[in-house]
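Below is one structure, written out as structure tokens, with a few remarks after it.
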Amino acid sequence: MLQLQVLRENKDAVCQALKKRNFDAESILDTVLELDEKRRSIQAKLDNALAESNKLSKEIGMLYKSGKAEEANLLKAKTAELKESSKQLSEDLNEAAEALQQNLYQIPNVPHQSVPAGNSDEDNEEIFREGDVPKLNEGALPHWELAKKYGLIDFELGAKITGAGFPIYKGKGARLQRALISYFLDKNTDAGYFEVQPPLMINEASGYGTGQLPDKEGQMYHVQEDDLYLIPTSEVPITNMHRGDLLAEKDFPIAYTGYTPCFRREAGSYGAHVRGLNRLHQFDKVELVRIEHPDASYKALDGMVEHVKDILRDLKLPYRILRLCGGDLGFTAALTFDFEVFSTAQDRWLEISSVSNFETFQANRLKLRFKDKNGKSQLAHTLNGSSLALPRVLAGILENYQTEDGIKIPEVLKPYCGFDIID
RNA sequence: GGAGGAAUGGCAGAGUGGUCGAAUGCGGCAGUCUUGAAAACUGUUGAGGGUCACACCUCCGGGGGUUCGAAUCCCUCUUCCUCCGCCA
């Protein structure tokens with residue numbers, strides 16, 4: 001959620017910047033500023049009424065004390081009128097404030113200046129590429145074939161007990177997945193991230209805090225009986241740990257890592273690109289979350305990008321980094337770098353990590369602030385990134401490491417796996 | 001599931017109808033002392049709205065009510081704690 005003050009002072013600049021997202025903000029910004037104006041004018045009237053009535057109350061108290069009950073009763077009659085009008089004003093105020101809030105929720109984050117304009121993923125800007133694409137033998141298979149051939153993942157069995165998109169990992173497949181989780185967590189904690197295991201369900205307030213609600217209501221599984229949502233990413237519970245906090249500057253940087261399953265309804269997905277591990281309803285992910293001083297957040301973002309690079313170098317997977325264009329940028333992000341691994345057997349790039357700076361967009365909803373040097377409270381910056389999303393890393397490993405003898409295990413994972421080939 | 005107790009500023013913790021946005025301690029900030037630091041001492045320090053700046057308004061878990069007036073009384077919801085029961 002954008003800050004009202006920013007909108008008041010920089011309406012045109014905001015409007016201009018949102019065009020990169022193909023979001024025409026002109027009319028909604030006008031509405032917001034109008035409602036803001038309205039809210040403030042009602043507030044002023046209400047404040048005056050309340051001030052008057054506070055004053056009278058004090059006088060009445062004094063009069064009673066000095067035994068002048070009759071005069072006190074005269075004043076009481078006056079307060080009754082004020083009460084009536086302030087009640088009405090208070091209702092009007094709530095109405096205006098609510099309308100203002102609802103409109104603010106509709107406006108996406110302002111893209112960082114470096115974000116290129118564009119409509120879709122085709123306009124994303126490749127900024128880095130590294131790693132050799134292996135030359136595979138004739139008849140190399142996509143991962144879903146490999147998973148079947150070596151008995152690593154059973155999609156049909158998962159479909160039987162739950163539905164499509166809920167696979168069962170088996171044997172060495174399950175072990176490799178567990179190895180990856182352990183390796184990622186070790187790598188992250190070594191880099192200074194503090195490990196947490198958050199809840200897998202969140203309440204409504206948390207959903208609003210990080211921006212999944214009301215924007216992506218339909219993307220989350222909702223448990224109606226208890227009004228809880230299954231997390232689409234651990235970004236939600238982890239970032240919300242600091243909802244409402246007023247931090248000190250010395251608390252920065254705050255850095256977490258956590259492993260959780262993630263649940264996404266993925267309504268509307270279909271086709272060959274959702275085959276196998278490419279798109280699931282339940283998948284595992286190790287996440288990074290940072291809370292930073294505004295002056296340090298972009299440096300921190302670069303640090304996260306370097307960290308993820310380091311992991312992919314370890315795994316020796318060919319990858320590239322994209323700077324997302326305005327049209328592909330998430331609702332809450334100011335700047336996002338996507339990491340994609342090249343899947344040789346599928347001959348396509350698979351997104352395996354997304355690293356973003358949300359600046360104050362989430363913090364404003366979360367009321368996540370800190371005291372600056374002058375003793376003023378201001379909003380912190382929040383960031384997050386995947387390190388990494390498991391299924392597509394698994395797909396990338398299976399496909400890129402396949403040989404005629406079987407699937408080799410990347411060197412760094414061998415200690416975690418306890419075997420060095422799947423055959 | 002049953003019975004009790006509790007929720008106050010960054011933290012701890014007083015406050016049971018009016019001058020309480022709220023004692024005190026810790027923490028933070030500024031200063032004195034010191035070569036420097038620590039300690040000690042002095043001052044200062046809740047958040048949000050509003051204003052050019054003041055004024056002023058709101059906030060003592062959330063919502064509602066009583067009253068001229070509520071942190072304080074009543075209702076309700078939520079959360080936490082203690083005891084009992086059940087349980088991976």
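Here, A, B, ... name the chains of the structure tokens in the order displayed, residue numbers run from 1 inside each chain, and ligands are numbered from 1 in the same displayed order.
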
Item checked: Contact residues (chain A, partner chain B, 6 Å, only C-alpha atoms (C1' of nucleotides)) as number ranges by chain -> A: 47, 57, 76

Checklist line | DSSP helix (DSSP H, G or I) selection over segment 212-420 of chain A, as an MDAnalysis selection string | finding: chainID A and resid 217:219 235:240 249:251 272:274 294:315 361:366 390:400 411:417

Checklist line | Residue contacts of Lys316 of chain A (9 Å, only C-alpha atoms (C1' of nucleotides)) excluding same-chain residues fewer than 5 positions away, as a ChimeraX atom specification | finding: /A:131-132,311,410-411

Notebook entry, point to check: Skipping near chain neighbours, those fewer than 5 positions away, what residues fall within 7 Å of segment 5-20 of chain A using only C-alpha atoms (C1' of nucleotides), listed as a list in words?
Noted result: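 The filter keeps Ala25, Glu26, Leu33, Val110, Pro111, Ala117, Gly118, Gly326 and Gly327 of chain A.
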
The selected residues should be written to file as a compact mmCIF listing (two decimals), in the first residue's frame (atoms: N, CA, C and O atoms).
# COMPACT_ATOMS: atom_id res chain seq x y z
N ALA A 25 -3.36 5.08 -13.44
CA ALA A 25 -3.70 5.43 -12.07
C ALA A 25 -4.44 6.75 -11.96
O ALA A 25 -4.92 7.10 -10.89
N GLU A 26 -4.53 7.45 -13.08
CA GLU A 26 -5.09 8.80 -13.06
C GLU A 26 -6.37 8.91 -12.23
O GLU A 26 -6.45 9.67 -11.26
N LEU A 33 -7.26 11.05 -3.56
CA LEU A 33 -6.97 12.37 -3.02
C LEU A 33 -8.24 13.10 -2.61
O LEU A 33 -8.28 13.82 -1.62
N VAL A 110 4.86 1.25 -6.72
CA VAL A 110 5.54 2.05 -7.75
C VAL A 110 6.83 1.35 -8.15
O VAL A 110 7.65 1.03 -7.29
N PRO A 111 7.02 1.05 -9.44
CA PRO A 111 8.22 0.33 -9.86
C PRO A 111 9.48 1.18 -9.64
O PRO A 111 9.42 2.40 -9.76
N ALA A 117 9.90 -0.75 -18.97
CA ALA A 117 8.49 -0.83 -19.34
C ALA A 117 8.27 -2.14 -20.09
O ALA A 117 9.23 -2.74 -20.59
N GLY A 118 7.06 -2.61 -20.16
CA GLY A 118 6.80 -3.84 -20.89
C GLY A 118 5.49 -4.43 -20.49
O GLY A 118 4.91 -4.07 -19.46
N GLY A 326 7.79 -3.90 -16.06
CA GLY A 326 6.64 -3.39 -15.34
C GLY A 326 5.41 -4.28 -15.44
O GLY A 326 4.70 -4.47 -14.46
N GLY A 327 5.19 -4.83 -16.61
CA GLY A 327 3.99 -5.64 -16.82
C GLY A 327 4.04 -6.99 -16.11
O GLY A 327 3.00 -7.59 -15.85

Can you tell me which residues surround C59 of chain B at a distance of at most 12 Å, considering only C-alpha atoms (C1' of nucleotides), apart from same-chain residues fewer than 6 positions away, and format the answer as an mmCIF file with N, CA and C atoms (P, O5', C5', C4', C3', O3' and C1' of nucleotides), in the first residue's frame?
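Once everything was written out, this is out_29.cif:
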data_model
loop_
_atom_site.group_PDB
_atom_site.id
_atom_site.type_symbol
_atom_site.label_atom_id
_atom_site.label_comp_id
_atom_site.auth_asym_id
_atom_site.auth_seq_id
_atom_site.Cartn_x
_atom_site.Cartn_y
_atom_site.Cartn_z
ATOM 1 P P U B 8 -0.559 -5.239 28.327
ATOM 2 O "O5'" U B 8 -1.186 -3.814 28.599
ATOM 3 C "C5'" U B 8 -1.566 -2.983 27.497
ATOM 4 C "C4'" U B 8 -1.621 -1.550 27.942
ATOM 5 C "C3'" U B 8 -0.275 -0.860 28.085
ATOM 6 O "O3'" U B 8 0.181 -0.338 26.851
ATOM 7 C "C1'" U B 8 -1.595 -0.421 29.988
ATOM 8 P P G B 9 1.429 -1.024 26.118
ATOM 9 O "O5'" G B 9 2.415 0.207 25.872
ATOM 10 C "C5'" G B 9 2.812 0.555 24.521
ATOM 11 C "C4'" G B 9 3.441 1.931 24.536
ATOM 12 C "C3'" G B 9 4.965 1.934 24.588
ATOM 13 O "O3'" G B 9 5.500 2.527 23.401
ATOM 14 C "C1'" G B 9 4.021 3.360 26.248
ATOM 15 P P G B 21 -5.682 12.950 30.457
ATOM 16 O "O5'" G B 21 -4.580 11.997 29.828
ATOM 17 C "C5'" G B 21 -3.685 12.479 28.925
ATOM 18 C "C4'" G B 21 -2.338 11.812 29.103
ATOM 19 C "C3'" G B 21 -1.307 12.386 28.129
ATOM 20 O "O3'" G B 21 -0.005 12.253 28.604
ATOM 21 C "C1'" G B 21 -1.617 10.110 27.692
ATOM 22 P P G B 46 7.203 11.150 24.986
ATOM 23 O "O5'" G B 46 6.737 9.844 24.195
ATOM 24 C "C5'" G B 46 7.663 8.792 23.969
ATOM 25 C "C4'" G B 46 6.903 7.595 23.457
ATOM 26 C "C3'" G B 46 6.177 7.835 22.141
ATOM 27 O "O3'" G B 46 7.039 7.682 21.047
ATOM 28 C "C1'" G B 46 4.704 6.828 23.662
ATOM 29 P P A B 47 6.766 8.510 19.708
ATOM 30 O "O5'" A B 47 5.476 7.790 19.118
ATOM 31 C "C5'" A B 47 5.560 6.445 18.655
ATOM 32 C "C4'" A B 47 4.197 5.972 18.207
ATOM 33 C "C3'" A B 47 3.536 6.834 17.148
ATOM 34 O "O3'" A B 47 4.006 6.537 15.850
ATOM 35 C "C1'" A B 47 1.984 6.373 18.858
ATOM 36 P P G B 48 3.965 7.652 14.742
ATOM 37 O "O5'" G B 48 2.413 7.855 14.459
ATOM 38 C "C5'" G B 48 1.702 6.886 13.705
ATOM 39 C "C4'" G B 48 0.237 7.206 13.706
ATOM 40 C "C3'" G B 48 -0.165 8.535 13.088
ATOM 41 O "O3'" G B 48 -0.138 8.518 11.677
ATOM 42 C "C1'" G B 48 -1.343 8.230 15.095
ATOM 43 P P G B 49 0.116 9.865 10.885
ATOM 44 O "O5'" G B 49 -1.229 10.690 11.102
ATOM 45 C "C5'" G B 49 -2.441 10.220 10.542
ATOM 46 C "C4'" G B 49 -3.587 11.066 11.024
ATOM 47 C "C3'" G B 49 -3.536 12.535 10.660
ATOM 48 O "O3'" G B 49 -3.908 12.769 9.318
ATOM 49 C "C1'" G B 49 -4.202 12.313 12.905
ATOM 50 P P A B 71 -10.319 6.829 29.297
ATOM 51 O "O5'" A B 71 -9.310 5.599 29.454
ATOM 52 C "C5'" A B 71 -9.513 4.418 28.703
ATOM 53 C "C4'" A B 71 -8.976 3.218 29.443
ATOM 54 C "C3'" A B 71 -9.847 2.746 30.603
ATOM 55 O "O3'" A B 71 -10.792 1.814 30.162
ATOM 56 C "C1'" A B 71 -7.592 2.986 31.311
#

Next item on the list: From a DSSP pass on the backbone, collect the residues of segment 47-247 of chain A flagged as strand (DSSP E) and hand them back as an MDAnalysis selection string.
Entry: chainID A and resid 125:130 153:154 168:169 194:196 201:202 222:223 228:230 246:247

Next item on the list: With a distance cut-off of 12 Å and only C-alpha atoms (C1' of nucleotides), select the neighbouring residues of Lys148 of chain A, excluding the residue or stretch itself and same-chain residues fewer than 2 positions from it, and output the selection as a ChimeraX atom specification.
Entry: /A:141-146,150-157,167-170,173,276,398

G25 of chain B surroundings by only C-alpha atoms (C1' of nucleotides), 12 Å radius, close-in-sequence under 2 positions cut, as a JSON list (two decimals) with N, CA, C and O atoms (P, O5', C5', C4', C3', O3' and C1' of nucleotides), in the first residue's frame:
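Contents of the output file part_38.json:
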[["chain", "number", "residue", "atom", "x", "y", "z"],
["B", 11, "C", "P", 6.60, -3.14, 23.72],
["B", 11, "C", "O5'", 7.50, -3.65, 24.92],
["B", 11, "C", "C5'", 8.37, -4.76, 24.74],
["B", 11, "C", "C4'", 9.23, -4.92, 25.97],
["B", 11, "C", "C3'", 8.47, -5.10, 27.28],
["B", 11, "C", "O3'", 8.09, -6.44, 27.47],
["B", 11, "C", "C1'", 10.19, -3.50, 27.57],
["B", 12, "A", "P", 6.80, -6.77, 28.36],
["B", 12, "A", "O5'", 7.25, -6.29, 29.83],
["B", 12, "A", "C5'", 8.05, -7.13, 30.63],
["B", 12, "A", "C4'", 8.43, -6.44, 31.91],
["B", 12, "A", "C3'", 7.29, -6.14, 32.88],
["B", 12, "A", "O3'", 6.92, -7.27, 33.64],
["B", 12, "A", "C1'", 8.74, -4.28, 32.74],
["B", 13, "G", "P", 5.45, -7.40, 34.21],
["B", 13, "G", "O5'", 5.22, -6.01, 34.98],
["B", 13, "G", "C5'", 5.67, -5.85, 36.32],
["B", 13, "G", "C4'", 5.38, -4.44, 36.79],
["B", 13, "G", "C3'", 3.90, -4.10, 36.93],
["B", 13, "G", "O3'", 3.41, -4.52, 38.19],
["B", 13, "G", "C1'", 5.00, -2.37, 35.75],
["B", 14, "A", "P", 1.86, -4.30, 38.54],
["B", 14, "A", "O5'", 1.75, -2.74, 38.78],
["B", 14, "A", "C5'", 1.00, -2.25, 39.83],
["B", 14, "A", "C4'", 1.24, -0.78, 40.06],
["B", 14, "A", "C3'", -0.04, 0.01, 40.16],
["B", 14, "A", "O3'", -0.66, -0.15, 41.41],
["B", 14, "A", "C1'", 1.56, 1.20, 38.88],
["B", 23, "A", "P", 3.61, 9.05, 33.59],
["B", 23, "A", "O5'", 4.25, 8.89, 35.04],
["B", 23, "A", "C5'", 3.89, 9.80, 36.07],
["B", 23, "A", "C4'", 4.03, 9.16, 37.41],
["B", 23, "A", "C3'", 5.39, 8.54, 37.70],
["B", 23, "A", "O3'", 6.35, 9.52, 38.05],
["B", 23, "A", "C1'", 3.68, 7.06, 38.40],
["B", 27, "G", "P", 19.41, 0.79, 31.57],
["B", 27, "G", "O5'", 18.78, 0.76, 30.10],
["B", 27, "G", "C5'", 18.84, -0.42, 29.31],
["B", 27, "G", "C4'", 17.99, -0.26, 28.07],
["B", 27, "G", "C3'", 18.34, 0.93, 27.20],
["B", 27, "G", "O3'", 19.45, 0.66, 26.35],
["B", 27, "G", "C1'", 16.01, 0.89, 27.52]]

Item checked: Length of the atom CA of Asn357 of chain A to atom CA of Leu301 of chain A vector [Å] -> 6.5 Å

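The two atoms in question, atom CA of Ile321 of chain A and atom CA of Leu180 of chain A, are spaced 21.0 Å apart.
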